[in-house]
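Asker: Pasting model11.txt here (compact mmCIF, N, CA and C atoms):
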# COMPACT_ATOMS: atom_id res chain seq x y z
N MET A 1 47.06 154.23 108.83
CA MET A 1 47.40 154.09 107.43
C MET A 1 47.14 155.43 106.74
N ASN A 2 48.09 155.85 105.92
CA ASN A 2 48.00 157.11 105.21
C ASN A 2 46.94 156.99 104.11
N LYS A 3 45.87 157.76 104.25
CA LYS A 3 44.74 157.66 103.31
C LYS A 3 45.11 158.13 101.90
N GLU A 4 46.02 159.08 101.81
CA GLU A 4 46.44 159.57 100.49
C GLU A 4 47.22 158.50 99.74
N ILE A 5 48.14 157.86 100.44
CA ILE A 5 48.90 156.77 99.81
C ILE A 5 47.96 155.63 99.44
N LEU A 6 47.05 155.29 100.34
CA LEU A 6 46.08 154.23 100.08
C LEU A 6 45.28 154.54 98.81
N ALA A 7 44.79 155.77 98.70
CA ALA A 7 44.00 156.16 97.52
C ALA A 7 44.83 156.06 96.25
N ASP A 8 46.09 156.43 96.32
CA ASP A 8 46.96 156.34 95.14
C ASP A 8 47.26 154.89 94.77
N VAL A 9 47.42 154.02 95.76
CA VAL A 9 47.62 152.59 95.49
C VAL A 9 46.38 152.02 94.80
N VAL A 10 45.21 152.37 95.31
CA VAL A 10 43.96 151.90 94.70
C VAL A 10 43.86 152.41 93.25
N ALA A 11 44.22 153.67 93.04
CA ALA A 11 44.16 154.23 91.68
C ALA A 11 45.11 153.48 90.74
N CYS A 12 46.29 153.12 91.23
CA CYS A 12 47.23 152.34 90.41
C CYS A 12 46.64 150.97 90.08
N ALA A 13 46.04 150.34 91.06
CA ALA A 13 45.43 149.02 90.84
C ALA A 13 44.30 149.10 89.83
N LYS A 14 43.52 150.17 89.91
CA LYS A 14 42.41 150.35 88.97
C LYS A 14 42.91 150.56 87.54
N LYS A 15 44.09 151.14 87.40
CA LYS A 15 44.66 151.33 86.06
C LYS A 15 44.99 149.98 85.42
N VAL A 16 45.35 149.02 86.26
CA VAL A 16 45.70 147.69 85.76
C VAL A 16 44.44 146.88 85.49
N LEU A 17 43.50 146.91 86.42
CA LEU A 17 42.28 146.12 86.30
C LEU A 17 41.16 146.85 87.02
N ASP A 18 40.21 147.38 86.26
CA ASP A 18 39.11 148.13 86.87
C ASP A 18 38.10 147.15 87.44
N CYS A 19 38.06 147.09 88.75
CA CYS A 19 37.19 146.16 89.46
C CYS A 19 36.41 146.95 90.51
N PRO A 20 35.09 146.83 90.58
CA PRO A 20 34.31 147.64 91.52
C PRO A 20 34.67 147.40 92.99
N GLU A 21 35.24 146.25 93.30
CA GLU A 21 35.61 145.95 94.69
C GLU A 21 36.72 146.87 95.20
N PHE A 22 37.44 147.52 94.31
CA PHE A 22 38.46 148.47 94.76
C PHE A 22 37.85 149.67 95.49
N ASP A 23 36.57 149.89 95.31
CA ASP A 23 35.88 150.99 95.99
C ASP A 23 35.43 150.61 97.40
N ASP A 24 35.60 149.35 97.78
CA ASP A 24 35.16 148.86 99.09
C ASP A 24 36.37 148.47 99.95
N PRO A 25 36.66 149.26 100.99
CA PRO A 25 37.82 148.97 101.85
C PRO A 25 37.79 147.58 102.50
N ALA A 26 36.65 146.94 102.53
CA ALA A 26 36.57 145.60 103.11
C ALA A 26 37.44 144.60 102.33
N TYR A 27 37.77 144.93 101.08
CA TYR A 27 38.57 144.04 100.24
C TYR A 27 40.06 144.37 100.26
N TYR A 28 40.48 145.35 101.03
CA TYR A 28 41.88 145.81 100.97
C TYR A 28 42.86 144.84 101.61
N ASP A 29 42.37 143.81 102.30
CA ASP A 29 43.23 142.75 102.82
C ASP A 29 43.07 141.45 102.04
N THR A 30 42.34 141.52 100.94
CA THR A 30 42.11 140.36 100.08
C THR A 30 43.24 140.26 99.06
N PRO A 31 43.83 139.07 98.90
CA PRO A 31 44.89 138.94 97.89
C PRO A 31 44.40 139.33 96.50
N LEU A 32 45.21 140.11 95.83
CA LEU A 32 44.84 140.59 94.50
C LEU A 32 44.80 139.46 93.47
N THR A 33 45.48 138.37 93.76
CA THR A 33 45.50 137.25 92.82
C THR A 33 44.31 136.30 93.01
N GLY A 34 43.52 136.55 94.02
CA GLY A 34 42.35 135.70 94.29
C GLY A 34 41.05 136.40 93.94
N THR A 35 39.97 135.78 94.34
CA THR A 35 38.64 136.34 94.11
C THR A 35 38.46 137.54 95.02
N PRO A 36 37.92 138.63 94.58
CA PRO A 36 37.25 138.91 93.31
C PRO A 36 38.16 139.52 92.24
N PHE A 37 39.41 139.83 92.58
CA PHE A 37 40.26 140.59 91.65
C PHE A 37 40.83 139.74 90.52
N GLN A 38 41.36 138.58 90.84
CA GLN A 38 41.91 137.65 89.84
C GLN A 38 43.04 138.25 89.01
N PHE A 39 43.95 138.99 89.66
CA PHE A 39 45.12 139.51 88.95
C PHE A 39 45.97 138.34 88.47
N SER A 40 46.42 138.42 87.24
CA SER A 40 47.35 137.43 86.71
C SER A 40 48.77 137.85 87.11
N ALA A 41 49.73 137.00 86.80
CA ALA A 41 51.13 137.34 87.08
C ALA A 41 51.52 138.61 86.32
N ILE A 42 51.06 138.73 85.09
CA ILE A 42 51.36 139.92 84.28
C ILE A 42 50.71 141.15 84.90
N ASP A 43 49.47 141.03 85.38
CA ASP A 43 48.80 142.14 86.05
C ASP A 43 49.60 142.61 87.26
N MET A 44 50.15 141.66 88.01
CA MET A 44 50.93 142.00 89.20
C MET A 44 52.20 142.75 88.82
N VAL A 45 52.81 142.36 87.71
CA VAL A 45 54.01 143.08 87.24
C VAL A 45 53.63 144.50 86.82
N TYR A 46 52.53 144.63 86.10
CA TYR A 46 52.08 145.98 85.72
C TYR A 46 51.78 146.83 86.95
N LEU A 47 51.15 146.24 87.95
CA LEU A 47 50.87 146.97 89.19
C LEU A 47 52.17 147.39 89.86
N PHE A 48 53.10 146.48 89.95
CA PHE A 48 54.42 146.76 90.52
C PHE A 48 55.05 147.96 89.83
N LEU A 49 55.02 147.98 88.51
CA LEU A 49 55.61 149.08 87.74
C LEU A 49 54.84 150.38 87.92
N GLU A 50 53.52 150.31 87.95
CA GLU A 50 52.69 151.50 88.19
C GLU A 50 53.02 152.12 89.54
N ILE A 51 53.11 151.28 90.56
CA ILE A 51 53.40 151.76 91.92
C ILE A 51 54.81 152.35 91.97
N ARG A 52 55.74 151.66 91.37
CA ARG A 52 57.14 152.16 91.36
C ARG A 52 57.21 153.54 90.72
N ASP A 53 56.53 153.71 89.59
CA ASP A 53 56.57 154.99 88.89
C ASP A 53 55.80 156.08 89.62
N LYS A 54 54.66 155.74 90.18
CA LYS A 54 53.83 156.72 90.89
C LYS A 54 54.55 157.27 92.12
N PHE A 55 55.15 156.39 92.90
CA PHE A 55 55.73 156.80 94.18
C PHE A 55 57.24 157.01 94.11
N GLN A 56 57.84 156.71 92.95
CA GLN A 56 59.29 156.89 92.79
C GLN A 56 60.06 156.17 93.90
N VAL A 57 59.70 154.90 94.13
CA VAL A 57 60.35 154.09 95.16
C VAL A 57 61.04 152.90 94.50
N ARG A 58 62.04 152.41 95.18
CA ARG A 58 62.73 151.19 94.76
C ARG A 58 62.27 150.06 95.67
N PHE A 59 61.99 148.95 95.07
CA PHE A 59 61.58 147.78 95.83
C PHE A 59 62.75 146.81 95.93
N PHE A 60 62.80 146.09 97.03
CA PHE A 60 63.83 145.10 97.26
C PHE A 60 63.16 143.75 97.51
N ALA A 61 63.94 142.70 97.50
CA ALA A 61 63.40 141.36 97.67
C ALA A 61 62.56 141.24 98.93
N GLU A 62 63.03 141.83 100.02
CA GLU A 62 62.28 141.71 101.28
C GLU A 62 60.90 142.39 101.22
N ASP A 63 60.72 143.31 100.27
CA ASP A 63 59.42 143.96 100.11
C ASP A 63 58.38 143.01 99.51
N VAL A 64 58.83 142.10 98.69
CA VAL A 64 57.88 141.23 97.99
C VAL A 64 57.91 139.78 98.47
N GLU A 65 58.91 139.43 99.27
CA GLU A 65 58.97 138.06 99.81
C GLU A 65 57.81 137.81 100.77
N ASN A 66 57.46 136.57 100.91
CA ASN A 66 56.41 136.15 101.86
C ASN A 66 55.10 136.90 101.63
N TYR A 67 54.77 137.07 100.36
CA TYR A 67 53.49 137.69 99.98
C TYR A 67 53.37 139.12 100.48
N GLY A 68 54.44 139.85 100.53
CA GLY A 68 54.42 141.24 101.00
C GLY A 68 53.77 142.20 100.03
N PHE A 69 53.66 141.81 98.77
CA PHE A 69 53.10 142.69 97.73
C PHE A 69 51.86 142.02 97.15
N ILE A 70 50.89 141.69 98.04
CA ILE A 70 49.75 140.90 97.56
C ILE A 70 48.39 141.53 97.83
N THR A 71 48.31 142.46 98.78
CA THR A 71 47.03 143.12 99.07
C THR A 71 47.22 144.63 99.00
N ILE A 72 46.14 145.35 98.87
CA ILE A 72 46.19 146.81 98.85
C ILE A 72 46.82 147.33 100.14
N ASN A 73 46.40 146.80 101.27
CA ASN A 73 46.95 147.28 102.55
C ASN A 73 48.44 146.96 102.71
N LYS A 74 48.87 145.79 102.27
CA LYS A 74 50.29 145.44 102.38
C LYS A 74 51.14 146.33 101.46
N ILE A 75 50.67 146.58 100.27
CA ILE A 75 51.40 147.45 99.35
C ILE A 75 51.48 148.86 99.93
N THR A 76 50.38 149.34 100.50
CA THR A 76 50.37 150.67 101.13
C THR A 76 51.39 150.72 102.27
N GLY A 77 51.45 149.66 103.07
CA GLY A 77 52.40 149.61 104.17
C GLY A 77 53.84 149.66 103.70
N ILE A 78 54.14 148.98 102.60
CA ILE A 78 55.50 149.00 102.05
C ILE A 78 55.87 150.44 101.66
N ILE A 79 54.96 151.12 101.00
CA ILE A 79 55.24 152.48 100.56
C ILE A 79 55.39 153.43 101.74
N GLU A 80 54.54 153.26 102.75
CA GLU A 80 54.66 154.11 103.95
C GLU A 80 56.02 153.95 104.61
N ARG A 81 56.53 152.75 104.66
CA ARG A 81 57.84 152.51 105.27
C ARG A 81 58.97 153.15 104.47
N LYS A 82 58.75 153.36 103.20
CA LYS A 82 59.79 153.91 102.34
C LYS A 82 59.79 155.44 102.31
N GLU A 83 58.73 156.05 102.74
CA GLU A 83 58.64 157.53 102.67
C GLU A 83 59.15 158.17 103.94
Show me this structure written as structure tokens.

Answerer:
Amino acid sequence: MNKEILADVVACAKKVLDCPEFDDPAYYDTPLTGTPFQFSAIDMVYLFLEIRDKFQVRFFAEDVENYGFITINKITGIIERKE
């Protein structure tokens, strides 16, 4: 996993909701909508937009289907595939 992309994804997530667990890689496979993050649907949209703007990538349905855009590691993987 590209550590630079991962760090940028974490930074985008922190812009939406500053949560100390973002500093612990043990949580990077934890769904952002669950404990401890508790992202709302609106938070997820803001994160989506932050990531889109930061990385200048276009997302497609297959990127977000089947919970593809739900954890830090999954989001990082989507971006890595696009670069």

Asker: Find, counting only C-alpha atoms, the residue in A:Asp8, A:Glu80, A:Met44, A:Lys74 that gets nearest to Tyr28 in chain A.

Answerer: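 Looking at the shortest contact to Tyr28 in chain A, the residue is A:Lys74.
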
Asker: Calculated over all atoms listed in the file, which of the candidates A:Asp24, A:Glu83, A:Asp29, A:Asp18 has the smallest distance to Val57 in chain A?

Answerer: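 Using all atoms listed in the file, the shortest distance to Val57 in chain A belongs to A:Glu83.
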
Asker: Suppose you want the space between CA of Cys19 in chain A and CA of Lys3 in chain A; what is it in Å?

Answerer: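 Here the two named atoms are 19.5 Å from each other.
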
Asker: Between A:Ala7, A:Thr35, A:Arg52, A:Ala61, which residue has the minimum interatomic distance to Asp23 in chain A, considering only C-alpha atoms?

Answerer: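 Checking each of A:Ala7, A:Thr35, A:Arg52, A:Ala61 against Asp23 in chain A, counting only C-alpha atoms, the winner is A:Ala7.
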
Asker: Please run DSSP on the backbone and report, as JSON, numbers by chain, all residues within chain A that come out as helix (DSSP H, G or I).

Answerer: {"A": [3, 4, 5, 6, 7, 8, 9, 10, 11, 12, 13, 14, 15, 16, 20, 21, 22, 23, 25, 26, 27, 41, 42, 43, 44, 45, 46, 47, 48, 49, 50, 51, 52, 53, 54, 55, 61, 62, 63, 64, 65, 66, 67, 72, 73, 74, 75, 76, 77, 78, 79, 80, 81, 82]}

Asker: Return the single residue from A:Phe22, A:Ile70, A:Leu17, A:Phe60 that is closest to Lys82 in chain A, with distances computed using only C-alpha atoms.

Answerer: A:Phe60

Asker: Find the smallest box with edges along x, y and z containing every listed atom of range 8-19 of chain A, then add 8 Å on each side and report centre and edge lengths in Å to one decimal, as JSON.

Answerer:
{"center_x": 42.0, "center_y": 151.3, "center_z": 90.9, "size_x": 27.2, "size_y": 26.3, "size_z": 26.9}

Asker: Suppose you want the space between CA of Arg81 in chain A and CA of Val16 in chain A; what is it in Å?

Answerer: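 Calculated distance between CA of Arg81 in chain A and CA of Val16 in chain A is 23.5 Å.
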
Asker: So, with all atoms listed in the file as the atoms that count, which of A:Asn73, A:Lys14, A:Arg58, A:Leu47 lies closest to Tyr27 in chain A?

Answerer: A:Asn73

Asker: Mind giving me the straight-line distance from atom N of Val9 in chain A to atom N of Ile42 in chain A in Å, one decimal?

Answerer: 19.0 Å
